[in-house]
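The next block is data.txt, given as compact mmCIF, C-alpha atoms.
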# COMPACT_ATOMS: atom_id res chain seq x y z
CA MET A 1 -143.20 84.53 40.71
CA ARG A 2 -145.61 81.61 40.52
CA LEU A 3 -148.01 81.09 43.40
CA ASP A 4 -147.04 77.43 43.82
CA THR A 5 -143.40 78.41 44.44
CA ILE A 6 -144.04 80.98 47.18
CA ARG A 7 -142.50 79.90 50.46
CA THR A 8 -142.99 81.15 53.99
CA PRO A 9 -140.24 83.52 55.13
CA THR A 10 -138.27 82.80 58.28
CA GLN A 11 -138.91 84.87 61.41
CA PRO A 12 -135.37 86.37 61.41
CA LEU A 13 -135.96 87.62 57.85
CA ILE A 14 -139.29 89.13 58.88
CA ASN A 15 -137.49 90.87 61.76
CA VAL A 16 -134.89 92.24 59.34
CA ILE A 17 -137.49 93.83 57.07
CA TYR A 18 -139.20 95.40 60.11
CA ILE A 19 -135.84 96.86 61.13
CA ILE A 20 -135.33 98.20 57.60
CA TYR A 21 -138.75 99.85 57.58
CA ALA A 22 -138.05 101.28 61.05
CA LEU A 23 -134.74 102.78 59.90
CA HIS A 24 -136.36 104.39 56.84
CA ILE A 25 -139.31 105.70 58.86
CA PHE A 26 -136.95 107.09 61.50
CA SER A 27 -135.05 109.03 58.82
CA ALA A 28 -138.23 110.31 57.21
CA LEU A 29 -139.69 111.42 60.54
CA ASN A 30 -136.46 113.29 61.27
CA GLY A 31 -137.35 115.38 58.25
CA LEU A 32 -140.70 116.23 59.79
CA LEU A 33 -139.32 117.03 63.22
CA THR A 34 -136.31 119.07 62.12
CA PRO A 35 -135.84 121.95 59.68
CA ALA A 36 -134.80 119.42 57.01
CA PHE A 37 -137.20 118.24 54.33
CA VAL A 38 -138.54 114.68 54.60
CA ILE A 39 -136.89 113.77 51.31
CA THR A 40 -133.43 115.04 52.26
CA ALA A 41 -133.57 113.37 55.68
CA PHE A 42 -134.76 110.15 54.02
CA LEU A 43 -132.00 110.13 51.43
CA THR A 44 -129.07 111.46 53.42
CA GLY A 45 -129.77 110.12 56.91
CA TRP A 46 -127.53 107.31 58.07
CA PRO A 47 -130.47 105.12 59.07
CA SER A 48 -131.83 105.14 55.50
CA ILE A 49 -128.44 104.48 53.96
CA ILE A 50 -127.89 101.57 56.35
CA ALA A 51 -131.40 100.31 55.52
CA LEU A 52 -130.66 100.51 51.78
CA VAL A 53 -127.48 98.45 52.20
CA MET A 54 -129.36 95.95 54.36
CA SER A 55 -132.08 95.70 51.69
CA TYR A 56 -129.54 94.78 49.04
CA ILE A 57 -127.83 92.26 51.34
CA TRP A 58 -131.00 90.50 52.54
CA ARG A 59 -133.12 90.67 49.38
CA LYS A 60 -131.74 87.45 47.92
CA ASP A 61 -132.74 85.55 51.07
CA ALA A 62 -136.32 86.69 50.54
CA SER A 63 -136.66 85.25 47.04
CA ASN A 64 -139.91 83.35 46.54
CA THR A 65 -141.48 84.99 49.61
CA TYR A 66 -143.84 87.91 49.95
CA LEU A 67 -140.97 89.83 51.57
CA TYR A 68 -139.08 90.06 48.28
CA SER A 69 -141.60 92.62 47.03
CA HIS A 70 -140.99 94.69 50.17
CA PHE A 71 -137.24 94.77 49.58
CA ASP A 72 -137.83 95.87 45.97
CA TRP A 73 -140.41 98.44 47.15
CA LEU A 74 -137.98 100.03 49.60
CA ILE A 75 -135.05 100.00 47.19
CA SER A 76 -137.10 101.57 44.40
CA THR A 77 -138.55 104.14 46.81
CA PHE A 78 -135.04 105.25 47.77
CA TRP A 79 -133.66 105.52 44.23
CA THR A 80 -136.80 107.14 42.77
CA ALA A 81 -136.78 109.72 45.57
CA LEU A 82 -133.11 110.40 44.86
CA VAL A 83 -133.82 111.05 41.17
CA TRP A 84 -136.63 113.47 42.07
CA LEU A 85 -134.39 115.20 44.62
CA VAL A 86 -131.77 115.80 41.93
CA VAL A 87 -134.46 117.17 39.61
CA ALA A 88 -135.74 119.44 42.39
CA TRP A 89 -132.25 120.74 43.17
CA LEU A 90 -131.57 121.40 39.50
CA LEU A 91 -134.76 123.44 39.44
CA ILE A 92 -133.89 125.22 42.69
CA ILE A 93 -130.50 126.42 41.45
CA THR A 94 -132.31 128.32 38.75
CA VAL A 95 -134.17 131.23 40.28
CA ILE A 96 -137.30 130.61 38.21
CA GLY A 97 -137.30 126.88 39.01
CA MET A 98 -137.31 127.57 42.75
CA VAL A 99 -141.07 128.06 42.54
CA VAL A 100 -141.36 124.49 41.27
CA GLY A 101 -138.37 122.85 42.99
CA ILE A 102 -139.29 123.47 46.62
CA PRO A 103 -142.92 122.28 46.25
CA LEU A 104 -141.59 119.29 44.30
CA MET A 105 -139.39 118.37 47.26
CA LEU A 106 -142.41 118.60 49.56
CA VAL A 107 -144.52 116.43 47.27
CA VAL A 108 -141.79 113.81 46.95
CA GLY A 109 -141.39 113.83 50.74
CA LEU A 110 -145.10 113.10 51.13
CA TRP A 111 -144.78 110.39 48.48
CA VAL A 112 -141.95 108.79 50.49
CA LEU A 113 -144.08 108.84 53.67
CA TYR A 114 -146.99 107.31 51.73
CA ARG A 115 -144.82 104.51 50.33
CA LEU A 116 -143.31 103.73 53.71
CA GLY A 117 -146.74 103.62 55.32
CA LYS A 118 -148.32 101.53 52.59
CA GLY A 119 -145.45 99.05 52.64
CA PHE A 120 -145.39 98.81 56.42
CA PHE A 121 -149.14 98.12 56.64
CA ALA A 122 -148.87 95.47 53.91
CA LEU A 123 -145.99 93.89 55.84
CA ASN A 124 -148.11 93.86 59.01
CA ASP A 125 -150.79 91.99 57.05
CA ARG A 126 -148.09 89.61 55.73
CA LYS A 127 -148.92 90.56 52.15
CA PRO A 128 -146.67 91.47 49.24
CA ILE A 129 -146.61 95.08 48.17
Since I need it in another form, could you write the structure as structure tokens?
Amino acid sequence: MRLDTIRTPTQPLINVIYIIYALHIFSALNGLLTPAFVITAFLTGWPSIIALVMSYIWRKDASNTYLYSHFDWLISTFWTALVWLVVAWLLIITVIGMVVGIPLMLVVGLWVLYRLGKGFFALNDRKPI
């Protein structure tokens, strides 16, 4: 994206990305406040799934704005976390891999929280991520 083609996003689009972040953060925090892991709450919670669908729907409207990077950031966070969750579960179903799989889920959960926080603070500063 060239700097001379960046446009200012509309306020409704900014509101949408805040809602998407809020839905993802709500799901992730459910993982902290319940017996579930952050990563499983983030990936399987309805708020995150709704936020993922919203990200795909609204991303095209954010083209040539700093918000486009936020939509990509959230989409890639979701799918990357899903891949690592599958890897962790494959390790967990083997007795030996359980020693690696459960800590891996915890690390990926922390990674998800980090990405959500970093993206949200960049959004507050009206900067791309």
Exercise. What residues have an atom no more than 8 Å from (-136.8, 97.8, 51.6) in the file's own frame, counting all atoms listed in the file, and can you write them as an NGL selection string?
Worked result: :A and (17 or 20-21 or 51-52 or 55 or 70-75)
Would you write out those residues with C-alpha atoms, as a compact mmCIF listing (two decimals), in the coordinates of the input?
# COMPACT_ATOMS: atom_id res chain seq x y z
CA ILE A 17 -137.49 93.83 57.07
CA ILE A 20 -135.33 98.20 57.60
CA TYR A 21 -138.75 99.85 57.58
CA ALA A 51 -131.40 100.31 55.52
CA LEU A 52 -130.66 100.51 51.78
CA SER A 55 -132.08 95.70 51.69
CA HIS A 70 -140.99 94.69 50.17
CA PHE A 71 -137.24 94.77 49.58
CA ASP A 72 -137.83 95.87 45.97
CA TRP A 73 -140.41 98.44 47.15
CA LEU A 74 -137.98 100.03 49.60
CA ILE A 75 -135.05 100.00 47.19
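Atom pair CA of Phe42 (chain A) / CA of Ala28 (chain A): separated by 4.7 Å.
Taking CA of Thr77 (chain A) and CA of Leu116 (chain A) as the two end points, the separation is 8.4 Å.
Counting all atoms listed in the file, the residue from A:His24, A:Leu123, A:Ile93, A:Lys118 that sits nearest to Met54 (chain A) is A:His24.
The spacing separating CA of Val108 (chain A) from CA of Asn124 (chain A) amounts to 24.2 Å.
Residue neighbourhood of Leu104 (chain A), excluding near-sequence residues (fewer than 6 positions): A:Trp84, A:Leu85, A:Val87, A:Ala88, at 9 Å, using only C-alpha atoms.
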Problem set entry | Neighbour list for Ser27 (chain A) as a PyMOL selection string, cut-off 8 Å, all atoms listed in the file, skip fewer than 3 positions in-chain | chain A and resi 23-24+30-31+38+41-42+45-48
Please write out, as AutoDock Vina command-line options, where the centre of an axis-aligned box around all listed atoms of region 36-55 of chain A lies and how long its edges are, in Å to one decimal, after adding 3 Å on each side.
--center_x -133.0 --center_y 107.6 --center_z 55.2 --size_x 17.1 --size_y 29.7 --size_z 13.8
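Take the candidates A:Leu32, A:Leu90, A:Phe120, A:Thr10 and check each one against Ile102 (chain A) using only C-alpha atoms; the shortest distance goes to A:Leu90.
Between Tyr66 (chain A) and the candidates A:Arg115, A:Val107, A:Pro9, A:Asp125, the tightest atom-to-atom separation, counting all atoms listed in the file, involves A:Pro9.
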For this session: Tell me which of A:Leu91, A:Leu106, A:Tyr114, A:Pro12 sits closest to Phe37 (chain A), counting only C-alpha atoms.
Result: A:Leu106
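Using only C-alpha atoms, the nearest neighbour of Val16 (chain A) within the list A:Leu29, A:Ile49, A:Leu67, A:Ile92 is A:Leu67.
Counting only C-alpha atoms and comparing A:Ile39, A:Ile6, A:Ile50, A:Leu33, the residue that lies closest to Pro103 (chain A) is A:Ile39.
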For region 75-86 of chain A, which lacks atoms in the input, supply all heavy atoms and format the output as a PDB file, in the frame of the given file.
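Output (rebuild_16.pdb):
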ATOM      1  N   ILE A  75    -136.182  99.612  48.033  1.00  0.00           N
ATOM      2  CA  ILE A  75    -135.050 100.000  47.190  1.00  0.00           C
ATOM      3  C   ILE A  75    -135.514 100.975  46.112  1.00  0.00           C
ATOM      4  O   ILE A  75    -134.874 102.014  45.877  1.00  0.00           O
ATOM      5  CB  ILE A  75    -134.380  98.750  46.572  1.00  0.00           C
ATOM      6  CG1 ILE A  75    -133.648  97.951  47.674  1.00  0.00           C
ATOM      7  CG2 ILE A  75    -133.421  99.136  45.455  1.00  0.00           C
ATOM      8  CD1 ILE A  75    -133.188  96.571  47.241  1.00  0.00           C
ATOM      9  N   SER A  76    -136.624 100.671  45.454  1.00  0.00           N
ATOM     10  CA  SER A  76    -137.100 101.570  44.400  1.00  0.00           C
ATOM     11  C   SER A  76    -137.583 102.901  44.963  1.00  0.00           C
ATOM     12  O   SER A  76    -137.422 103.945  44.322  1.00  0.00           O
ATOM     13  CB  SER A  76    -138.199 100.903  43.561  1.00  0.00           C
ATOM     14  OG  SER A  76    -139.370 100.732  44.322  1.00  0.00           O
ATOM     15  N   THR A  77    -138.141 102.884  46.164  1.00  0.00           N
ATOM     16  CA  THR A  77    -138.550 104.140  46.810  1.00  0.00           C
ATOM     17  C   THR A  77    -137.332 105.034  47.018  1.00  0.00           C
ATOM     18  O   THR A  77    -137.368 106.230  46.719  1.00  0.00           O
ATOM     19  CB  THR A  77    -139.245 103.874  48.157  1.00  0.00           C
ATOM     20  OG1 THR A  77    -140.418 103.101  47.920  1.00  0.00           O
ATOM     21  CG2 THR A  77    -139.609 105.165  48.864  1.00  0.00           C
ATOM     22  N   PHE A  78    -136.251 104.473  47.521  1.00  0.00           N
ATOM     23  CA  PHE A  78    -135.040 105.250  47.770  1.00  0.00           C
ATOM     24  C   PHE A  78    -134.490 105.854  46.484  1.00  0.00           C
ATOM     25  O   PHE A  78    -134.236 107.060  46.410  1.00  0.00           O
ATOM     26  CB  PHE A  78    -133.973 104.365  48.438  1.00  0.00           C
ATOM     27  CG  PHE A  78    -132.731 105.128  48.804  1.00  0.00           C
ATOM     28  CD1 PHE A  78    -132.621 105.711  50.049  1.00  0.00           C
ATOM     29  CD2 PHE A  78    -131.683 105.259  47.911  1.00  0.00           C
ATOM     30  CE1 PHE A  78    -131.480 106.426  50.405  1.00  0.00           C
ATOM     31  CE2 PHE A  78    -130.545 105.970  48.246  1.00  0.00           C
ATOM     32  CZ  PHE A  78    -130.447 106.547  49.500  1.00  0.00           C
ATOM     33  N   TRP A  79    -134.296 105.026  45.460  1.00  0.00           N
ATOM     34  CA  TRP A  79    -133.660 105.520  44.230  1.00  0.00           C
ATOM     35  C   TRP A  79    -134.567 106.469  43.458  1.00  0.00           C
ATOM     36  O   TRP A  79    -134.086 107.438  42.864  1.00  0.00           O
ATOM     37  CB  TRP A  79    -133.198 104.355  43.355  1.00  0.00           C
ATOM     38  CG  TRP A  79    -132.053 103.641  43.986  1.00  0.00           C
ATOM     39  CD1 TRP A  79    -132.039 102.347  44.425  1.00  0.00           C
ATOM     40  CD2 TRP A  79    -130.750 104.171  44.281  1.00  0.00           C
ATOM     41  NE1 TRP A  79    -130.821 102.054  44.975  1.00  0.00           N
ATOM     42  CE2 TRP A  79    -130.005 103.149  44.898  1.00  0.00           C
ATOM     43  CE3 TRP A  79    -130.151 105.420  44.095  1.00  0.00           C
ATOM     44  CZ2 TRP A  79    -128.684 103.330  45.320  1.00  0.00           C
ATOM     45  CZ3 TRP A  79    -128.837 105.599  44.521  1.00  0.00           C
ATOM     46  CH2 TRP A  79    -128.119 104.567  45.122  1.00  0.00           C
ATOM     47  N   THR A  80    -135.874 106.225  43.450  1.00  0.00           N
ATOM     48  CA  THR A  80    -136.800 107.140  42.770  1.00  0.00           C
ATOM     49  C   THR A  80    -136.813 108.491  43.480  1.00  0.00           C
ATOM     50  O   THR A  80    -136.799 109.546  42.836  1.00  0.00           O
ATOM     51  CB  THR A  80    -138.217 106.543  42.722  1.00  0.00           C
ATOM     52  OG1 THR A  80    -138.150 105.264  42.080  1.00  0.00           O
ATOM     53  CG2 THR A  80    -139.164 107.450  41.959  1.00  0.00           C
ATOM     54  N   ALA A  81    -136.824 108.468  44.813  1.00  0.00           N
ATOM     55  CA  ALA A  81    -136.780 109.720  45.570  1.00  0.00           C
ATOM     56  C   ALA A  81    -135.485 110.476  45.296  1.00  0.00           C
ATOM     57  O   ALA A  81    -135.484 111.705  45.181  1.00  0.00           O
ATOM     58  CB  ALA A  81    -136.937 109.438  47.063  1.00  0.00           C
ATOM     59  N   LEU A  82    -134.387 109.754  45.157  1.00  0.00           N
ATOM     60  CA  LEU A  82    -133.110 110.400  44.860  1.00  0.00           C
ATOM     61  C   LEU A  82    -133.147 111.096  43.499  1.00  0.00           C
ATOM     62  O   LEU A  82    -132.683 112.238  43.361  1.00  0.00           O
ATOM     63  CB  LEU A  82    -131.962 109.391  44.907  1.00  0.00           C
ATOM     64  CG  LEU A  82    -130.575 109.964  44.624  1.00  0.00           C
ATOM     65  CD1 LEU A  82    -130.187 110.982  45.692  1.00  0.00           C
ATOM     66  CD2 LEU A  82    -129.549 108.843  44.544  1.00  0.00           C
ATOM     67  N   VAL A  83    -133.709 110.433  42.507  1.00  0.00           N
ATOM     68  CA  VAL A  83    -133.820 111.050  41.170  1.00  0.00           C
ATOM     69  C   VAL A  83    -134.645 112.332  41.258  1.00  0.00           C
ATOM     70  O   VAL A  83    -134.258 113.372  40.704  1.00  0.00           O
ATOM     71  CB  VAL A  83    -134.435 110.050  40.164  1.00  0.00           C
ATOM     72  CG1 VAL A  83    -134.836 110.751  38.867  1.00  0.00           C
ATOM     73  CG2 VAL A  83    -133.454 108.928  39.874  1.00  0.00           C
ATOM     74  N   TRP A  84    -135.776 112.281  41.956  1.00  0.00           N
ATOM     75  CA  TRP A  84    -136.630 113.470  42.070  1.00  0.00           C
ATOM     76  C   TRP A  84    -135.960 114.575  42.890  1.00  0.00           C
ATOM     77  O   TRP A  84    -136.183 115.755  42.636  1.00  0.00           O
ATOM     78  CB  TRP A  84    -138.000 113.116  42.620  1.00  0.00           C
ATOM     79  CG  TRP A  84    -138.857 112.505  41.552  1.00  0.00           C
ATOM     80  CD1 TRP A  84    -139.254 111.208  41.459  1.00  0.00           C
ATOM     81  CD2 TRP A  84    -139.380 113.173  40.403  1.00  0.00           C
ATOM     82  NE1 TRP A  84    -139.995 111.029  40.320  1.00  0.00           N
ATOM     83  CE2 TRP A  84    -140.086 112.223  39.648  1.00  0.00           C
ATOM     84  CE3 TRP A  84    -139.314 114.474  39.926  1.00  0.00           C
ATOM     85  CZ2 TRP A  84    -140.740 112.533  38.458  1.00  0.00           C
ATOM     86  CZ3 TRP A  84    -139.966 114.794  38.738  1.00  0.00           C
ATOM     87  CH2 TRP A  84    -140.661 113.831  38.032  1.00  0.00           C
ATOM     88  N   LEU A  85    -135.135 114.194  43.863  1.00  0.00           N
ATOM     89  CA  LEU A  85    -134.390 115.200  44.620  1.00  0.00           C
ATOM     90  C   LEU A  85    -133.399 115.925  43.724  1.00  0.00           C
ATOM     91  O   LEU A  85    -133.275 117.154  43.790  1.00  0.00           O
ATOM     92  CB  LEU A  85    -133.665 114.561  45.805  1.00  0.00           C
ATOM     93  CG  LEU A  85    -132.810 115.523  46.645  1.00  0.00           C
ATOM     94  CD1 LEU A  85    -133.706 116.530  47.362  1.00  0.00           C
ATOM     95  CD2 LEU A  85    -131.954 114.758  47.621  1.00  0.00           C
ATOM     96  N   VAL A  86    -132.720 115.183  42.877  1.00  0.00           N
ATOM     97  CA  VAL A  86    -131.770 115.800  41.930  1.00  0.00           C
ATOM     98  C   VAL A  86    -132.512 116.745  40.995  1.00  0.00           C
ATOM     99  O   VAL A  86    -132.066 117.867  40.748  1.00  0.00           O
ATOM    100  CB  VAL A  86    -130.988 114.724  41.155  1.00  0.00           C
ATOM    101  CG1 VAL A  86    -130.204 115.324  40.007  1.00  0.00           C
ATOM    102  CG2 VAL A  86    -130.064 113.957  42.096  1.00  0.00           C
TER     103      VAL A  86
END
